[in-house]
Amino acid sequence: MPTSVKDGAWTVGAAPGALPVLGHSRQMRQDPLGFLSSLHQYGDIVSIRMGPTPLNVLCRHDLAHHLMVERSKDFGRGGPFLERSKTVMGNGLATSTGPEHMRQRRMSQPAFHSQHIKSYMRVMQEEATAMAERWQPGEEVDIIKEMHDLTTRVTLRCFFTMSTGGSSAQDTVSQAADSLDRIAAGMYQQMTAPLAILGKLPTAANRRHQEAVRQFDETVDRIIADQRRTTARDDLLGLLMAARDEETGSTFSDTELHDQVITFLAAGIDTTANTLSWALGLTAQYPDVQQRFQAEIDELLDGEDVSYESIRSLSYTNAILDETLRMYPPLWMLTRRALRPTTLGPHKFSEGTQFAVSPYALQRDPRVFDEPEVFDPDRRGRQPGIPRSSFIPFGAGVHKCIGDAFALTESTIAMATIAQRWHLRLAPESNPVKPLTEMTLGPASVRVTPVARKA
């Protein structure tokens, strides 16, 4: 274990097991979560290699906060994970950095104001109710598929004024979800390839990935073209089209709009669906948690829909989501690059040095969390001294996810709507729920049998 340090005198180490040329690519493909969680025993800043490229992993939450928040002007987005994700995401809010990122964030922020989140709740409730009412008692449900379908429908309706009832819109829903699933499956392999050129070779896997990206791009272009023909609009895309930067007077170009739509589709569908799948799978895995969860929903909602005012009162529901995000943050790896020669404690780093922060590893640090591998929604009450900087499922600082309130609101509504109607029994093959490490961190399988609850 590393010795304790004070005043930012962080220790530096290197992970063992690197191979020539490959570096630690094997560990990052075979067991990335276990590998990253083990690094704190070698130091506070631990060097690993992705192929020939050194990547300095920050293994303390205070150090990560220092870099991402207190010193955010010295460290911009960068690194192999980000650069390869740009092949899909373009230069939108999720991948841009520096002044360009700040401009995009200023222009996008109003769309996520609380008044807009409140207006989106009706759609979230309608879609969650329609999904829950389609389920049949005793008929096995694939929660991962259901949550991806749900978040796709909600995203398209809230973000793009698109009804999901017609056949054309349904095709768009299916194509977007299918392309995203295939992109997520291939992107992590691209990111962990020891050499960037390996992601460009004409292999069958690379061709499948490139075809999924092409289809996703075409779907996005079709959505934008459809929306430009809509005159009266108060959705997110309409707000982005009308946005004007107060400092420069500029608007989003067509290319920028394309990249923003990709960003919001990926974030609105994939990350939220993964969070919901984890939360529902874990509550089904722990019967005492599900019982308390249902009791809170029954008592506080009494059969009514979730309101904007009632969300905060659902304290145990919120605790389930917090603990789910602590254990399984969708954004499990974040990377940064030194913008100038800099120091961390007594250690000097040159311009361009690459750093990484793993919310997954930091949020399971045994030096901070008691029994970090245990799913415990009561954790905050039992361990009140947990530092806020140790919980970063949405990132931190200037690059913190802009849609965190949207995602949590949608997740709360979906969970409450399901809990009012169904008790979920986890299928044996899904118990326990296990992770699947891709571009985001989702569960490998969550299959449940719904049992109707008494009114």
# chains A, B, ... in the order shown; residues from 1 in each chain; ligands from 1

call {"tool": "residues_around", "arguments": {"residues": "Phe81 of chain A", "least_positions_apart": "2", "cutoff": "7 Å", "atoms": "only C-alpha atoms", "output": "number ranges by chain"}}
result
A: 79, 83-85, 191, 335

call {"tool": "residues_around", "arguments": {"residues": "Ser390 of chain A", "least_positions_apart": "4", "cutoff": "7 Å", "atoms": "only C-alpha atoms", "output": "list of chain:residue names"}}
result
A:His61, A:Leu362, A:Gln363

call {"tool": "closest_residue", "arguments": {"among": "A:Phe264, A:Phe75, A:Tyr120, A:Tyr42", "to": "Gly403 of chain A", "atoms": "only C-alpha atoms"}}
result
A:Phe264

call {"tool": "select_by_dssp", "arguments": {"residues": "segment 127-357 of chain A", "states": "helix (DSSP H, G or I)", "output": "PyMOL selection string"}}
result
chain A and resi 127-134+143-160+167-191+196-200+204-228+236-242+254-285+287-301+315-327

call {"tool": "closest_residue", "arguments": {"among": "A:Lys118, A:His66, A:Arg103, A:Arg326", "to": "Asp365 of chain A", "atoms": "only C-alpha atoms"}}
result
A:Arg326

call {"tool": "select_by_dssp", "arguments": {"residues": "segment 262-448 of chain A", "states": "strand (DSSP E)", "output": "list in words"}}
result
Leu334, Thr335, Arg336, Arg337, Ala338, Thr342, Thr343, Leu344, His347, Lys348, Phe349, Gln354, Phe355, Ala356, Val357, Trp422, His423, Leu424, Arg425, Leu426, Pro435, Leu436, Thr437, Leu441, Gly442, Pro443, Arg447 and Val448 of chain A

call {"tool": "write_last_selection", "arguments": {"atoms": "C-alpha atoms", "output": "PDB file, in the first residue's frame"}}
result
ATOM      1  CA  LEU A 334     -11.390   9.821 -18.320  1.00  0.00           C
ATOM      2  CA  THR A 335      -8.183  11.102 -19.901  1.00  0.00           C
ATOM      3  CA  ARG A 336      -6.354  14.424 -19.792  1.00  0.00           C
ATOM      4  CA  ARG A 337      -3.240  15.939 -21.386  1.00  0.00           C
ATOM      5  CA  ALA A 338      -0.824  18.484 -19.907  1.00  0.00           C
ATOM      6  CA  THR A 342       3.716  21.357 -15.166  1.00  0.00           C
ATOM      7  CA  THR A 343       4.191  19.803 -11.744  1.00  0.00           C
ATOM      8  CA  LEU A 344       2.076  17.620  -9.465  1.00  0.00           C
ATOM      9  CA  HIS A 347       7.051  15.776  -9.738  1.00  0.00           C
ATOM     10  CA  LYS A 348       7.646  17.495 -13.083  1.00  0.00           C
ATOM     11  CA  PHE A 349       5.816  16.554 -16.269  1.00  0.00           C
ATOM     12  CA  GLN A 354      -1.083  12.032 -20.743  1.00  0.00           C
ATOM     13  CA  PHE A 355      -3.062  11.319 -17.580  1.00  0.00           C
ATOM     14  CA  ALA A 356      -6.061   9.146 -16.765  1.00  0.00           C
ATOM     15  CA  VAL A 357      -8.679   9.099 -14.034  1.00  0.00           C
ATOM     16  CA  TRP A 422     -43.841  -4.910 -10.801  1.00  0.00           C
ATOM     17  CA  HIS A 423     -41.679  -6.927  -8.460  1.00  0.00           C
ATOM     18  CA  LEU A 424     -38.608  -8.118 -10.387  1.00  0.00           C
ATOM     19  CA  ARG A 425     -37.124 -11.585  -9.963  1.00  0.00           C
ATOM     20  CA  LEU A 426     -33.619 -11.878 -11.349  1.00  0.00           C
ATOM     21  CA  PRO A 435     -20.010  -5.870 -15.807  1.00  0.00           C
ATOM     22  CA  LEU A 436     -19.348  -5.678 -19.523  1.00  0.00           C
ATOM     23  CA  THR A 437     -16.552  -3.232 -20.261  1.00  0.00           C
ATOM     24  CA  LEU A 441     -19.659   0.382 -18.452  1.00  0.00           C
ATOM     25  CA  GLY A 442     -22.832  -1.659 -18.636  1.00  0.00           C
ATOM     26  CA  PRO A 443     -24.012  -5.000 -17.245  1.00  0.00           C
ATOM     27  CA  ARG A 447     -32.934 -10.755 -17.369  1.00  0.00           C
ATOM     28  CA  VAL A 448     -35.872 -10.634 -14.975  1.00  0.00           C
TER      29      VAL A 448
END

call {"tool": "residues_around", "arguments": {"residues": "Glu247 of chain A", "least_positions_apart": "2", "cutoff": "10 Å", "atoms": "only C-alpha atoms", "output": "PyMOL selection string"}}
result
chain A and resi 103+106+244-245+249-250

call {"tool": "atom_distance", "arguments": {"atom1": "atom CA of Pro99 of chain A", "atom2": "atom CA of Phe160 of chain A"}}
result
27.1 Å

call {"tool": "residues_around", "arguments": {"residues": "Gly92 of chain A", "least_positions_apart": "4", "cutoff": "6 Å", "atoms": "only C-alpha atoms", "output": "ChimeraX atom specification"}}
result
/A:96,259-260

call {"tool": "closest_residue", "arguments": {"among": "A:Leu93, A:Leu301, A:Val213, A:Ala64", "to": "Thr263 of chain A", "atoms": "only C-alpha atoms"}}
result
A:Leu93

call {"tool": "closest_residue", "arguments": {"among": "A:Gln109, A:Met327, A:Asp31, A:Val398", "to": "Glu371 of chain A", "atoms": "only C-alpha atoms"}}
result
A:Met327

call {"tool": "closest_residue", "arguments": {"among": "A:Glu218, A:Arg340, A:Gly345, A:Ala205", "to": "Trp10 of chain A", "atoms": "only C-alpha atoms"}}
result
A:Gly345

call {"tool": "atom_distance", "arguments": {"atom1": "atom CA of Met107 of chain A", "atom2": "atom CA of Leu240 of chain A"}}
result
7.2 Å

call {"tool": "atom_distance", "arguments": {"atom1": "atom CA of Val368 of chain A", "atom2": "atom CA of Gln290 of chain A"}}
result
26.4 Å

call {"tool": "closest_residue", "arguments": {"among": "A:Val21, A:Cys59, A:Leu314, A:Leu282", "to": "Ser445 of chain A", "atoms": "only C-alpha atoms"}}
result
A:Leu282

call {"tool": "residues_around", "arguments": {"residues": "Gly395 of chain A", "least_positions_apart": "2", "cutoff": "10 Å", "atoms": "only C-alpha atoms", "output": "PyMOL selection string"}}
result
chain A and resi 65+68-69+329+331-334+357-359+391-393+397-402+404

call {"tool": "write_last_selection", "arguments": {"atoms": "N, CA, C and O atoms", "output": "tab-separated table (two decimals), in the first residue's frame"}}
result
chain	number	residue	atom	x	y	z
A	65	HIS	N	-9.14	15.42	-8.23
A	65	HIS	CA	-9.85	16.70	-8.09
A	65	HIS	C	-8.90	17.86	-8.37
A	65	HIS	O	-9.26	18.83	-9.05
A	68	MET	N	-8.42	17.90	-12.30
A	68	MET	CA	-9.60	18.16	-13.13
A	68	MET	C	-10.34	19.44	-12.76
A	68	MET	O	-11.02	20.02	-13.60
A	69	VAL	N	-10.21	19.89	-11.51
A	69	VAL	CA	-10.97	21.06	-11.06
A	69	VAL	C	-10.05	22.23	-10.75
A	69	VAL	O	-10.12	23.29	-11.37
A	329	PRO	N	-19.97	3.36	-12.59
A	329	PRO	CA	-20.12	4.60	-13.36
A	329	PRO	C	-20.01	4.33	-14.86
A	329	PRO	O	-19.06	3.66	-15.29
A	331	LEU	N	-19.15	6.28	-17.26
A	331	LEU	CA	-17.88	6.84	-17.72
A	331	LEU	C	-16.78	6.34	-16.79
A	331	LEU	O	-16.43	6.97	-15.80
A	332	TRP	N	-16.24	5.18	-17.11
A	332	TRP	CA	-15.32	4.52	-16.18
A	332	TRP	C	-13.87	4.92	-16.38
A	332	TRP	O	-13.01	4.58	-15.58
A	333	MET	N	-13.57	5.69	-17.45
A	333	MET	CA	-12.21	6.13	-17.71
A	333	MET	C	-12.23	7.51	-18.36
A	333	MET	O	-12.93	7.71	-19.36
A	334	LEU	N	-11.50	8.47	-17.79
A	334	LEU	CA	-11.39	9.82	-18.32
A	334	LEU	C	-9.91	10.12	-18.55
A	334	LEU	O	-9.06	9.71	-17.74
A	357	VAL	N	-7.94	9.23	-15.28
A	357	VAL	CA	-8.68	9.10	-14.03
A	357	VAL	C	-9.75	8.04	-14.26
A	357	VAL	O	-10.50	8.11	-15.24
A	358	SER	N	-9.82	7.05	-13.39
A	358	SER	CA	-10.85	6.02	-13.47
A	358	SER	C	-11.85	6.23	-12.34
A	358	SER	O	-11.57	5.89	-11.18
A	359	PRO	N	-13.04	6.82	-12.65
A	359	PRO	CA	-14.07	6.91	-11.61
A	359	PRO	C	-14.38	5.55	-10.98
A	359	PRO	O	-14.64	5.47	-9.77
A	391	PHE	N	-16.53	11.03	-5.40
A	391	PHE	CA	-17.70	10.54	-6.14
A	391	PHE	C	-17.83	11.35	-7.42
A	391	PHE	O	-18.28	12.49	-7.41
A	392	ILE	N	-17.38	10.79	-8.55
A	392	ILE	CA	-17.32	11.54	-9.81
A	392	ILE	C	-17.88	10.74	-10.98
A	392	ILE	O	-17.25	10.63	-12.04
A	393	PRO	N	-19.09	10.15	-10.85
A	393	PRO	CA	-19.61	9.34	-11.95
A	393	PRO	C	-19.89	10.13	-13.22
A	393	PRO	O	-19.94	9.56	-14.32
A	397	GLY	N	-15.37	19.23	-12.72
A	397	GLY	CA	-14.80	20.45	-13.29
A	397	GLY	C	-15.53	20.90	-14.54
A	397	GLY	O	-16.72	20.64	-14.74
A	398	VAL	N	-14.80	21.58	-15.43
A	398	VAL	CA	-15.41	22.18	-16.62
A	398	VAL	C	-15.95	21.14	-17.59
A	398	VAL	O	-16.78	21.46	-18.44
A	399	HIS	N	-15.50	19.90	-17.46
A	399	HIS	CA	-15.95	18.85	-18.37
A	399	HIS	C	-16.97	17.91	-17.73
A	399	HIS	O	-17.26	16.84	-18.29
A	400	LYS	N	-17.52	18.29	-16.59
A	400	LYS	CA	-18.56	17.46	-15.98
A	400	LYS	C	-19.74	17.35	-16.95
A	400	LYS	O	-20.09	18.31	-17.65
A	401	CYS	N	-20.36	16.17	-16.98
A	401	CYS	CA	-21.46	15.91	-17.92
A	401	CYS	C	-22.56	16.95	-17.78
A	401	CYS	O	-23.08	17.18	-16.68
A	402	ILE	N	-22.93	17.57	-18.89
A	402	ILE	CA	-23.94	18.62	-18.89
A	402	ILE	C	-25.34	18.06	-18.67
A	402	ILE	O	-26.25	18.77	-18.24
A	404	ASP	N	-26.34	15.54	-16.55
A	404	ASP	CA	-26.50	14.69	-15.37
A	404	ASP	C	-27.90	14.80	-14.76
A	404	ASP	O	-28.50	13.79	-14.38

call {"tool": "residues_around", "arguments": {"residues": "Gly17 of chain A", "least_positions_apart": "6", "cutoff": "12 Å", "atoms": "only C-alpha atoms", "output": "number ranges by chain"}}
result
A: 23-28, 35, 39, 47-49
